[in-house]
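Peer 1: Before I ask anything, let me first share the structure, which is written out below as structure tokens.
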Amino acid sequence: MISVLIVGKGNVGTHLYKAFLNAGNIIVTQINSRKLKSVPKADVTIIAVSDDAIAEVSSKITNSFVVHTSGACSINELKNHSRKGVFYMLQSFSKEKPVNFLDIPFCLESENKEDYKLLEQLVNSIGIKIFNINSEQRKALHVAAVFVNNFTNHLYKIGNDICNTNNVPFEVLQPLITETSEKIKELSPKKAQTGPAIRKDKKTIKNHLELLNKEQQKIYKILTKSIQNGN
């Protein structure tokens with residue numbers, strides 16, 4: 001059996017706790033990051049807090065092996081005086097939406113092979129996709145994730161705004177959104193690119209810009225130029 005302590009009760013911590021509760025070989029405990037005066041002992045302590053709080057929270061933990069769950073922070077952000085590691089899940093978590101950890105990539109990092117094997121055991125109790133990713137690689141991966149997730153979702157929001165302004169149901173776009181995400185499983189994003197920008201349809205682009213407000217026009221022009229430049 002592996003004992004796990006999760007520090008933090010946000011989205012990531014909550015889903016991890018539920019998953020480990022249902023794992024046969026894991027004994028899991030969860031505490032709030034603000035209650036660190038009495039920290040339970042554990043084989044692995046997982047800090048699932050905001051990036052800005054990692055250093056402070058980890059500095060107060062004396063357990064033997066401490067990992068964080070951040071994609072943007074280096075392993076050196078941990079300020080505990082014991083062994084360190086990273087247990088990063090590349091996914092967007094919301095408390096109200098169920099998570100299938102079998103579909104989620106786990107990006108692991110540790111200071112030694114024994115601890116890495118221990119993290120692999122944790123993953124294998126709830127998931128299957130394991131990637132050995134160091135701090136520099138993870139930083140780049142996190143930036144890439146912002147583009148494909150956060151920025152893309154903001155573009156969905158803009159699309160939804162345009163639909164609302166023009167009395168068009170956003171759900172009409174859902175099959176297109178699904179097809180786009182499915183297509184890049186078989187084609188590179190560059191080869192999958194379609195639309196007026198790549199075709200350089202000046203008349204269509206002009207008509208689109210006339211429909212948009214000033215902020216939307218700025219974004220449309222920047223993305224159009226980037227697509228046409230191959231960036």
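A note on labels: chains of the structure tokens are A, B, ... as shown, every chain counts residues from 1, and ligands are counted from 1 in their shown order.
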With a distance cut-off of 7 Å and only C-alpha atoms, select the neighbouring residues of stretch 50-54 of chain A, excluding the residue or stretch itself and same-chain residues fewer than 2 positions from it, and output the selection as a ChimeraX atom specification.
Peer 2: /A:56-58,70,73,77-78
Peer 1: Mind the document's chain letters and residue numbers, and return as an MDAnalysis selection string the residues of stretch 38-219 of chain A that DSSP labels helix (DSSP H, G or I).
Peer 2: chainID A and resid 51:59 75:77 101:103 113:126 135:165 170:183 189:192 196:199 202:211 214:219
Peer 1: Could you pull the residues within 7 Å of stretch 7-22 of chain A, counting only C-alpha atoms, minus those fewer than 4 positions along the same chain, as an MDAnalysis selection string?
Peer 2: chainID A and resid 26 28 30:33 46:49 93:95 126
Peer 1: If you keep N, CA, C and O atoms, can you produce a file of those selected residues as a short mmCIF file (atom, residue, chain, number, x, y, z; two decimals), in the first residue's frame?
Peer 2:
data_model
loop_
_atom_site.label_atom_id
_atom_site.label_comp_id
_atom_site.auth_asym_id
_atom_site.auth_seq_id
_atom_site.Cartn_x
_atom_site.Cartn_y
_atom_site.Cartn_z
N ILE A 26 -4.04 2.31 -2.58
CA ILE A 26 -3.70 3.66 -2.10
C ILE A 26 -4.48 4.00 -0.84
O ILE A 26 -5.69 3.79 -0.76
N VAL A 28 -5.35 7.33 1.06
CA VAL A 28 -5.27 8.75 0.77
C VAL A 28 -5.92 9.60 1.85
O VAL A 28 -6.95 9.25 2.41
N GLN A 30 -6.64 13.96 2.68
CA GLN A 30 -6.64 15.29 2.07
C GLN A 30 -6.79 16.35 3.16
O GLN A 30 -7.61 16.20 4.07
N ILE A 31 -5.99 17.41 3.06
CA ILE A 31 -6.12 18.52 4.00
C ILE A 31 -6.14 19.84 3.24
O ILE A 31 -5.69 19.93 2.10
N ASN A 32 -6.67 20.86 3.88
CA ASN A 32 -6.67 22.20 3.31
C ASN A 32 -5.27 22.79 3.43
O ASN A 32 -4.59 22.59 4.43
N SER A 33 -4.84 23.53 2.43
CA SER A 33 -3.48 24.10 2.44
C SER A 33 -3.29 25.14 3.53
O SER A 33 -2.16 25.52 3.84
N ILE A 46 1.30 15.28 -2.12
CA ILE A 46 1.00 15.98 -3.37
C ILE A 46 0.44 17.36 -3.06
O ILE A 46 -0.64 17.48 -2.47
N ILE A 47 1.18 18.39 -3.46
CA ILE A 47 0.72 19.77 -3.24
C ILE A 47 -0.08 20.22 -4.46
O ILE A 47 0.48 20.41 -5.54
N ALA A 48 -1.39 20.37 -4.26
CA ALA A 48 -2.28 20.78 -5.35
C ALA A 48 -2.85 22.16 -5.01
O ALA A 48 -4.01 22.30 -4.63
N VAL A 49 -1.98 23.17 -5.11
CA VAL A 49 -2.37 24.55 -4.79
C VAL A 49 -2.01 25.45 -5.96
O VAL A 49 -1.42 25.00 -6.95
N PHE A 93 -9.39 20.99 -15.34
CA PHE A 93 -10.26 20.38 -14.34
C PHE A 93 -11.33 21.35 -13.85
O PHE A 93 -11.04 22.52 -13.58
N SER A 94 -12.55 20.87 -13.73
CA SER A 94 -13.64 21.61 -13.09
C SER A 94 -14.29 20.66 -12.08
O SER A 94 -14.52 19.49 -12.40
N LYS A 95 -14.56 21.17 -10.88
CA LYS A 95 -15.09 20.31 -9.82
C LYS A 95 -16.37 19.59 -10.23
O LYS A 95 -16.59 18.43 -9.89
N ILE A 126 -4.58 4.75 -11.11
CA ILE A 126 -5.76 5.50 -11.59
C ILE A 126 -5.73 5.80 -13.09
O ILE A 126 -6.75 6.16 -13.68
#
Peer 1: Leaving out A:Asn112 and any residue of its chain fewer than 4 positions from it, which residues lie within 12 Å of it when counting only C-alpha atoms, given as a count of residues only?
Peer 2: 10
Peer 1: For A:Ala197, find every residue with an atom within 7 Å (counting only C-alpha atoms), except residues of its own chain fewer than 4 positions away, and show them as number ranges by chain.
Peer 2: A: 201, 224, 227-228
Peer 1: Mind listing the strand (DSSP E or B) residues of stretch 108-231 of chain A, per DSSP on the backbone, as a PyMOL selection string?
Peer 2: chain A and resi 108-110+129-132
Peer 1: Deliver the residues from the most recent selection as a file, using all heavy atoms, as a PDB file, in the first residue's frame.
Peer 2:
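Done, and the output landed in part-v3.pdb:
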ATOM      1  N   LEU A 108       5.593  13.263 -15.403  1.00  0.00           N
ATOM      2  CA  LEU A 108       6.280  13.013 -14.137  1.00  0.00           C
ATOM      3  C   LEU A 108       7.727  13.497 -14.159  1.00  0.00           C
ATOM      4  O   LEU A 108       8.395  13.461 -15.192  1.00  0.00           O
ATOM      5  CB  LEU A 108       6.259  11.514 -13.817  1.00  0.00           C
ATOM      6  CG  LEU A 108       4.896  10.811 -13.844  1.00  0.00           C
ATOM      7  CD1 LEU A 108       5.072   9.342 -13.490  1.00  0.00           C
ATOM      8  CD2 LEU A 108       3.907  11.486 -12.913  1.00  0.00           C
ATOM      9  N   GLU A 109       8.190  13.907 -12.980  1.00  0.00           N
ATOM     10  CA  GLU A 109       9.594  14.290 -12.807  1.00  0.00           C
ATOM     11  C   GLU A 109       9.986  14.011 -11.361  1.00  0.00           C
ATOM     12  O   GLU A 109       9.187  14.197 -10.442  1.00  0.00           O
ATOM     13  CB  GLU A 109       9.788  15.777 -13.109  1.00  0.00           C
ATOM     14  CG  GLU A 109      11.247  16.227 -13.000  1.00  0.00           C
ATOM     15  CD  GLU A 109      11.446  17.701 -13.329  1.00  0.00           C
ATOM     16  OE1 GLU A 109      10.442  18.419 -13.517  1.00  0.00           O
ATOM     17  OE2 GLU A 109      12.619  18.129 -13.379  1.00  0.00           O
ATOM     18  N   SER A 110      11.212  13.539 -11.175  1.00  0.00           N
ATOM     19  CA  SER A 110      11.721  13.310  -9.818  1.00  0.00           C
ATOM     20  C   SER A 110      13.231  13.460  -9.814  1.00  0.00           C
ATOM     21  O   SER A 110      13.861  13.542 -10.870  1.00  0.00           O
ATOM     22  CB  SER A 110      11.326  11.918  -9.316  1.00  0.00           C
ATOM     23  OG  SER A 110      11.987  10.921 -10.069  1.00  0.00           O
ATOM     24  N   LYS A 129      -1.458   6.750 -18.959  1.00  0.00           N
ATOM     25  CA  LYS A 129      -0.610   7.529 -19.860  1.00  0.00           C
ATOM     26  C   LYS A 129       0.476   8.263 -19.072  1.00  0.00           C
ATOM     27  O   LYS A 129       0.199   9.235 -18.375  1.00  0.00           O
ATOM     28  CB  LYS A 129      -1.446   8.528 -20.661  1.00  0.00           C
ATOM     29  CG  LYS A 129      -2.463   7.868 -21.582  1.00  0.00           C
ATOM     30  CD  LYS A 129      -3.241   8.895 -22.380  1.00  0.00           C
ATOM     31  CE  LYS A 129      -4.234   8.226 -23.309  1.00  0.00           C
ATOM     32  NZ  LYS A 129      -5.003   9.196 -24.117  1.00  0.00           N
ATOM     33  N   ILE A 130       1.730   7.784 -19.206  1.00  0.00           N
ATOM     34  CA  ILE A 130       2.843   8.335 -18.435  1.00  0.00           C
ATOM     35  C   ILE A 130       3.897   8.914 -19.368  1.00  0.00           C
ATOM     36  O   ILE A 130       4.309   8.271 -20.330  1.00  0.00           O
ATOM     37  CB  ILE A 130       3.478   7.254 -17.536  1.00  0.00           C
ATOM     38  CG1 ILE A 130       2.444   6.723 -16.527  1.00  0.00           C
ATOM     39  CG2 ILE A 130       4.701   7.802 -16.805  1.00  0.00           C
ATOM     40  CD1 ILE A 130       2.949   5.558 -15.703  1.00  0.00           C
ATOM     41  N   PHE A 131       4.352  10.136 -19.050  1.00  0.00           N
ATOM     42  CA  PHE A 131       5.391  10.792 -19.840  1.00  0.00           C
ATOM     43  C   PHE A 131       6.468  11.335 -18.893  1.00  0.00           C
ATOM     44  O   PHE A 131       6.154  11.967 -17.878  1.00  0.00           O
ATOM     45  CB  PHE A 131       4.815  11.950 -20.668  1.00  0.00           C
ATOM     46  CG  PHE A 131       3.809  11.506 -21.695  1.00  0.00           C
ATOM     47  CD1 PHE A 131       2.470  11.359 -21.358  1.00  0.00           C
ATOM     48  CD2 PHE A 131       4.214  11.211 -22.991  1.00  0.00           C
ATOM     49  CE1 PHE A 131       1.539  10.937 -22.300  1.00  0.00           C
ATOM     50  CE2 PHE A 131       3.286  10.783 -23.940  1.00  0.00           C
ATOM     51  CZ  PHE A 131       1.954  10.656 -23.593  1.00  0.00           C
ATOM     52  N   ASN A 132       7.722  11.050 -19.225  1.00  0.00           N
ATOM     53  CA  ASN A 132       8.853  11.570 -18.456  1.00  0.00           C
ATOM     54  C   ASN A 132       9.187  12.965 -18.996  1.00  0.00           C
ATOM     55  O   ASN A 132       9.787  13.092 -20.061  1.00  0.00           O
ATOM     56  CB  ASN A 132      10.051  10.622 -18.597  1.00  0.00           C
ATOM     57  CG  ASN A 132      11.198  10.994 -17.678  1.00  0.00           C
ATOM     58  OD1 ASN A 132      11.258  12.109 -17.154  1.00  0.00           O
ATOM     59  ND2 ASN A 132      12.118  10.064 -17.476  1.00  0.00           N
TER      60      ASN A 132
END
Peer 1: Please compute the atom CA of A:Lys37-atom CA of A:Lys60 distance, one decimal, in Å.
Peer 2: 8.4 Å
Peer 1: Between A:Ile184, A:Val148, A:Cys163, A:Ile75, single out the one closest to A:Ser92, counting only C-alpha atoms.
Peer 2: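 Closest to A:Ser92 of all the choices is A:Val148.
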Peer 1: Could you list, as a list in words, every residue within 12 Å of stretch 174-177 of chain A, counting only C-alpha atoms and ignoring same-chain residues fewer than 3 positions away?
Peer 2: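 Close residues of stretch 174-177 of chain A: Thr152, Asn153, Leu155, Tyr156, Gly159, Asn160, Pro169, Phe170, Glu171, Thr180, Ser181, Glu182, Lys183, Ile184 and Thr194 of chain A.
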Peer 1: May I have the selected residues written with all heavy atoms, as a CSV table (one decimal), in the first residue's frame?
Peer 2:
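What landed in result.csv:
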chain,number,residue,atom,x,y,z
A,152,THR,N,-8.0,28.9,-27.1
A,152,THR,CA,-9.1,28.4,-28.0
A,152,THR,C,-10.4,28.5,-27.4
A,152,THR,O,-11.4,28.9,-28.0
A,152,THR,CB,-8.8,26.9,-28.3
A,152,THR,OG1,-7.5,26.8,-28.9
A,152,THR,CG2,-9.8,26.3,-29.2
A,153,ASN,N,-10.5,28.3,-26.0
A,153,ASN,CA,-11.8,28.5,-25.4
A,153,ASN,C,-12.3,29.9,-25.4
A,153,ASN,O,-13.5,30.2,-25.6
A,153,ASN,CB,-11.7,28.0,-23.9
A,153,ASN,CG,-13.1,28.0,-23.2
A,153,ASN,OD1,-13.9,27.2,-23.5
A,153,ASN,ND2,-13.3,29.0,-22.4
A,155,LEU,N,-11.7,31.9,-27.9
A,155,LEU,CA,-12.2,32.1,-29.3
A,155,LEU,C,-13.6,31.5,-29.4
A,155,LEU,O,-14.4,32.0,-30.1
A,155,LEU,CB,-11.2,31.4,-30.3
A,155,LEU,CG,-9.9,32.0,-30.4
A,155,LEU,CD1,-9.0,31.3,-31.4
A,155,LEU,CD2,-9.9,33.5,-30.8
A,156,TYR,N,-13.9,30.4,-28.6
A,156,TYR,CA,-15.2,29.9,-28.6
A,156,TYR,C,-16.2,30.9,-28.0
A,156,TYR,O,-17.3,31.1,-28.5
A,156,TYR,CB,-15.3,28.6,-27.7
A,156,TYR,CG,-14.6,27.4,-28.2
A,156,TYR,CD1,-14.2,26.4,-27.3
A,156,TYR,CD2,-14.4,27.2,-29.6
A,156,TYR,CE1,-13.6,25.2,-27.8
A,156,TYR,CE2,-13.7,26.1,-30.0
A,156,TYR,CZ,-13.3,25.1,-29.1
A,156,TYR,OH,-12.7,24.0,-29.6
A,159,GLY,N,-16.9,33.5,-30.6
A,159,GLY,CA,-17.8,32.9,-31.5
A,159,GLY,C,-19.2,32.9,-31.0
A,159,GLY,O,-20.2,33.2,-31.7
A,160,ASN,N,-19.3,32.6,-29.7
A,160,ASN,CA,-20.6,32.6,-29.0
A,160,ASN,C,-21.2,34.0,-29.0
A,160,ASN,O,-22.4,34.2,-29.2
A,160,ASN,CB,-20.5,32.0,-27.6
A,160,ASN,CG,-21.8,31.8,-26.9
A,160,ASN,OD1,-22.7,31.2,-27.5
A,160,ASN,ND2,-22.0,32.2,-25.7
A,169,PRO,N,-28.1,30.4,-33.1
A,169,PRO,CA,-27.8,29.5,-32.0
A,169,PRO,C,-26.3,29.0,-32.1
A,169,PRO,O,-25.9,28.5,-33.2
A,169,PRO,CB,-28.8,28.4,-32.2
A,169,PRO,CG,-29.2,28.4,-33.6
A,169,PRO,CD,-29.1,29.9,-34.0
A,170,PHE,N,-25.6,29.1,-31.0
A,170,PHE,CA,-24.2,28.7,-31.0
A,170,PHE,C,-24.1,27.2,-31.3
A,170,PHE,O,-23.0,26.7,-31.8
A,170,PHE,CB,-23.6,29.0,-29.6
A,170,PHE,CG,-22.1,28.6,-29.5
A,170,PHE,CD1,-21.1,29.3,-30.2
A,170,PHE,CD2,-21.7,27.6,-28.6
A,170,PHE,CE1,-19.8,28.9,-30.1
A,170,PHE,CE2,-20.4,27.3,-28.5
A,170,PHE,CZ,-19.4,27.9,-29.2
A,171,GLU,N,-25.1,26.4,-30.9
A,171,GLU,CA,-25.0,24.9,-31.1
A,171,GLU,C,-24.9,24.5,-32.5
A,171,GLU,O,-24.4,23.4,-32.8
A,171,GLU,CB,-26.3,24.3,-30.5
A,171,GLU,CG,-27.6,24.6,-31.3
A,171,GLU,CD,-28.8,24.1,-30.6
A,171,GLU,OE1,-29.3,24.7,-29.6
A,171,GLU,OE2,-29.3,23.0,-31.1
A,180,THR,N,-13.1,19.6,-36.0
A,180,THR,CA,-11.7,20.2,-35.9
A,180,THR,C,-10.8,19.5,-34.9
A,180,THR,O,-9.7,19.2,-35.2
A,180,THR,CB,-11.8,21.7,-35.5
A,180,THR,OG1,-12.7,22.4,-36.5
A,180,THR,CG2,-10.5,22.4,-35.6
A,181,SER,N,-11.4,19.2,-33.8
A,181,SER,CA,-10.5,18.5,-32.8
A,181,SER,C,-10.2,17.1,-33.2
A,181,SER,O,-9.2,16.5,-32.9
A,181,SER,CB,-11.2,18.5,-31.4
A,181,SER,OG,-12.4,17.9,-31.4
A,182,GLU,N,-11.2,16.4,-33.9
A,182,GLU,CA,-11.0,15.0,-34.3
A,182,GLU,C,-10.0,15.0,-35.5
A,182,GLU,O,-9.2,14.1,-35.6
A,182,GLU,CB,-12.3,14.4,-34.8
A,182,GLU,CG,-13.2,14.1,-33.6
A,182,GLU,CD,-12.7,13.0,-32.7
A,182,GLU,OE1,-12.1,12.0,-33.2
A,182,GLU,OE2,-12.8,13.2,-31.5
A,183,LYS,N,-10.0,16.0,-36.3
A,183,LYS,CA,-9.2,16.0,-37.6
A,183,LYS,C,-7.7,16.0,-37.2
A,183,LYS,O,-6.9,15.3,-37.9
A,183,LYS,CB,-9.5,17.2,-38.4
A,183,LYS,CG,-8.9,17.2,-39.8
A,183,LYS,CD,-9.1,18.5,-40.5
A,183,LYS,CE,-10.6,18.7,-40.8
A,183,LYS,NZ,-10.8,20.0,-41.6
A,184,ILE,N,-7.3,16.7,-36.2
A,184,ILE,CA,-5.9,16.8,-35.8
A,184,ILE,C,-5.3,15.6,-35.2
A,184,ILE,O,-4.1,15.5,-34.8
A,184,ILE,CB,-5.6,18.1,-35.0
A,184,ILE,CG1,-6.3,18.1,-33.7
A,184,ILE,CG2,-5.8,19.4,-35.8
A,184,ILE,CD1,-5.9,19.2,-32.8
A,194,THR,N,-7.9,25.3,-42.6
A,194,THR,CA,-8.8,25.7,-43.7
A,194,THR,C,-9.3,27.1,-43.5
A,194,THR,O,-8.9,27.7,-42.5
A,194,THR,CB,-10.0,24.8,-43.9
A,194,THR,OG1,-10.8,24.9,-42.6
A,194,THR,CG2,-9.6,23.3,-44.1
Peer 1: Check the smallest atom-to-atom distance from each of A:Lys35, A:His142, A:His154, A:Lys203 to A:Gln91 using only C-alpha atoms, then report the winner.
Peer 2: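 Closest to A:Gln91, using only C-alpha atoms: A:His142.
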Peer 1: Would you pick out the contacts of A:Lys206 at 12 Å or less, using only C-alpha atoms, so that residues sharing its chain but fewer than 3 positions from it are not included, and give the list as an mmCIF file with all heavy atoms, in the first residue's frame?
Peer 2:
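The result, stored in out_31.cif:
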data_model
loop_
_atom_site.group_PDB
_atom_site.id
_atom_site.type_symbol
_atom_site.label_atom_id
_atom_site.label_comp_id
_atom_site.auth_asym_id
_atom_site.auth_seq_id
_atom_site.Cartn_x
_atom_site.Cartn_y
_atom_site.Cartn_z
ATOM 1 N N PRO A 196 -10.777 31.260 -44.908
ATOM 2 C CA PRO A 196 -10.436 32.374 -45.797
ATOM 3 C C PRO A 196 -9.006 32.882 -45.650
ATOM 4 O O PRO A 196 -8.422 33.357 -46.621
ATOM 5 C CB PRO A 196 -11.452 33.463 -45.416
ATOM 6 C CG PRO A 196 -11.931 33.087 -44.054
ATOM 7 C CD PRO A 196 -11.888 31.605 -43.990
ATOM 8 N N ALA A 197 -8.422 32.771 -44.461
ATOM 9 C CA ALA A 197 -7.054 33.273 -44.271
ATOM 10 C C ALA A 197 -6.058 32.468 -45.092
ATOM 11 O O ALA A 197 -5.241 33.036 -45.829
ATOM 12 C CB ALA A 197 -6.671 33.238 -42.792
ATOM 13 N N LYS A 200 -6.547 33.061 -48.651
ATOM 14 C CA LYS A 200 -6.347 34.473 -48.974
ATOM 15 C C LYS A 200 -7.547 35.058 -49.742
ATOM 16 O O LYS A 200 -7.397 35.758 -50.749
ATOM 17 C CB LYS A 200 -5.048 34.674 -49.776
ATOM 18 C CG LYS A 200 -3.817 34.262 -48.982
ATOM 19 C CD LYS A 200 -2.524 34.551 -49.712
ATOM 20 C CE LYS A 200 -1.330 34.152 -48.845
ATOM 21 N NZ LYS A 200 -0.026 34.374 -49.507
ATOM 22 N N ASP A 201 -8.723 34.764 -49.204
ATOM 23 C CA ASP A 201 -9.970 35.287 -49.775
ATOM 24 C C ASP A 201 -10.200 36.709 -49.243
ATOM 25 O O ASP A 201 -10.856 36.900 -48.211
ATOM 26 C CB ASP A 201 -11.147 34.387 -49.390
ATOM 27 C CG ASP A 201 -11.094 33.028 -50.046
ATOM 28 O OD1 ASP A 201 -10.401 32.901 -51.073
ATOM 29 O OD2 ASP A 201 -11.739 32.093 -49.536
ATOM 30 N N LYS A 202 -9.658 37.690 -49.942
ATOM 31 C CA LYS A 202 -9.690 39.073 -49.466
ATOM 32 C C LYS A 202 -11.116 39.600 -49.288
ATOM 33 O O LYS A 202 -11.408 40.321 -48.326
ATOM 34 C CB LYS A 202 -8.912 39.969 -50.428
ATOM 35 C CG LYS A 202 -7.422 39.677 -50.451
ATOM 36 C CD LYS A 202 -6.695 40.611 -51.411
ATOM 37 C CE LYS A 202 -5.202 40.303 -51.437
ATOM 38 N NZ LYS A 202 -4.471 41.203 -52.374
ATOM 39 N N LYS A 203 -12.006 39.265 -50.215
ATOM 40 C CA LYS A 203 -13.379 39.767 -50.139
ATOM 41 C C LYS A 203 -14.092 39.219 -48.903
ATOM 42 O O LYS A 203 -14.783 39.966 -48.190
ATOM 43 C CB LYS A 203 -14.142 39.381 -51.407
ATOM 44 C CG LYS A 203 -15.544 39.969 -51.467
ATOM 45 C CD LYS A 203 -16.220 39.614 -52.800
ATOM 46 C CE LYS A 203 -17.632 40.206 -52.853
ATOM 47 N NZ LYS A 203 -18.303 39.887 -54.139
ATOM 48 N N LEU A 209 -14.671 41.302 -41.318
ATOM 49 C CA LEU A 209 -14.231 42.420 -40.477
ATOM 50 C C LEU A 209 -15.342 43.451 -40.282
ATOM 51 O O LEU A 209 -15.456 44.060 -39.211
ATOM 52 C CB LEU A 209 -12.989 43.083 -41.085
ATOM 53 C CG LEU A 209 -11.706 42.234 -41.005
ATOM 54 C CD1 LEU A 209 -10.600 42.860 -41.842
ATOM 55 C CD2 LEU A 209 -11.252 42.099 -39.553
ATOM 56 N N GLU A 210 -16.176 43.635 -41.303
ATOM 57 C CA GLU A 210 -17.265 44.602 -41.200
ATOM 58 C C GLU A 210 -18.343 44.166 -40.204
ATOM 59 O O GLU A 210 -19.079 45.002 -39.676
ATOM 60 C CB GLU A 210 -17.895 44.820 -42.583
ATOM 61 C CG GLU A 210 -16.989 45.581 -43.544
ATOM 62 C CD GLU A 210 -17.553 45.652 -44.953
ATOM 63 O OE1 GLU A 210 -18.603 45.015 -45.208
ATOM 64 O OE2 GLU A 210 -16.939 46.339 -45.790
ATOM 65 N N LEU A 211 -18.395 42.873 -39.920
ATOM 66 C CA LEU A 211 -19.380 42.340 -38.969
ATOM 67 C C LEU A 211 -18.923 42.439 -37.517
ATOM 68 O O LEU A 211 -19.740 42.322 -36.600
ATOM 69 C CB LEU A 211 -19.662 40.864 -39.282
ATOM 70 C CG LEU A 211 -20.645 40.549 -40.411
ATOM 71 C CD1 LEU A 211 -20.597 39.060 -40.722
ATOM 72 C CD2 LEU A 211 -22.054 40.958 -40.007
ATOM 73 N N LEU A 212 -17.637 42.647 -37.314
ATOM 74 C CA LEU A 212 -17.051 42.542 -35.975
ATOM 75 C C LEU A 212 -16.889 43.894 -35.293
ATOM 76 O O LEU A 212 -16.773 44.927 -35.948
ATOM 77 C CB LEU A 212 -15.681 41.854 -36.068
ATOM 78 C CG LEU A 212 -15.652 40.477 -36.748
ATOM 79 C CD1 LEU A 212 -14.216 39.975 -36.838
ATOM 80 C CD2 LEU A 212 -16.521 39.489 -35.993
ATOM 81 N N GLN A 217 -12.098 42.615 -34.291
ATOM 82 C CA GLN A 217 -11.333 42.894 -35.515
ATOM 83 C C GLN A 217 -9.832 42.744 -35.276
ATOM 84 O O GLN A 217 -9.111 42.172 -36.108
ATOM 85 C CB GLN A 217 -11.636 44.310 -36.014
ATOM 86 C CG GLN A 217 -12.997 44.465 -36.656
ATOM 87 C CD GLN A 217 -13.300 45.898 -37.037
ATOM 88 O OE1 GLN A 217 -12.550 46.816 -36.707
ATOM 89 N NE2 GLN A 217 -14.418 46.106 -37.742
ATOM 90 N N TYR A 220 -9.037 39.056 -35.072
ATOM 91 C CA TYR A 220 -9.214 38.465 -36.403
ATOM 92 C C TYR A 220 -8.014 38.795 -37.292
ATOM 93 O O TYR A 220 -7.475 37.911 -37.990
ATOM 94 C CB TYR A 220 -10.508 39.001 -37.033
ATOM 95 C CG TYR A 220 -10.916 38.313 -38.318
ATOM 96 C CD1 TYR A 220 -11.940 37.371 -38.336
ATOM 97 C CD2 TYR A 220 -10.292 38.620 -39.527
ATOM 98 C CE1 TYR A 220 -12.325 36.744 -39.523
ATOM 99 C CE2 TYR A 220 -10.664 38.006 -40.716
ATOM 100 C CZ TYR A 220 -11.685 37.058 -40.708
ATOM 101 O OH TYR A 220 -12.061 36.447 -41.876
ATOM 102 N N LYS A 221 -7.566 40.035 -37.268
ATOM 103 C CA LYS A 221 -6.445 40.454 -38.119
ATOM 104 C C LYS A 221 -5.138 39.781 -37.693
ATOM 105 O O LYS A 221 -4.351 39.347 -38.546
ATOM 106 C CB LYS A 221 -6.289 41.978 -38.073
ATOM 107 C CG LYS A 221 -7.380 42.735 -38.817
ATOM 108 C CD LYS A 221 -7.186 44.241 -38.671
ATOM 109 C CE LYS A 221 -8.275 45.023 -39.404
ATOM 110 N NZ LYS A 221 -8.124 46.493 -39.229
ATOM 111 N N THR A 224 -5.365 36.083 -38.690
ATOM 112 C CA THR A 224 -5.307 35.959 -40.152
ATOM 113 C C THR A 224 -3.880 36.127 -40.652
ATOM 114 O O THR A 224 -3.383 35.338 -41.479
ATOM 115 C CB THR A 224 -6.232 37.001 -40.815
ATOM 116 O OG1 THR A 224 -7.584 36.724 -40.462
ATOM 117 C CG2 THR A 224 -6.103 36.967 -42.337
#
Peer 1: Measuring between only C-alpha atoms, which one of A:Asn134, A:Asn76, A:Thr62, A:Asn167 shows the shortest distance to A:Tyr88?
Peer 2: A:Asn134
Peer 1: Separation of atom CA of A:Glu120 and atom CA of A:Ile6, in Å?
Peer 2: 16.7 Å
Peer 1: In Å, how far is it from atom CA of A:Val123 to atom CA of A:Leu102?
Peer 2: 9.4 Å
Peer 1: May I ask which of the residues A:Val66, A:Leu122, A:Ala145, A:Leu223 is the closest one to A:Lys41, counting only C-alpha atoms?
Peer 2: A:Val66
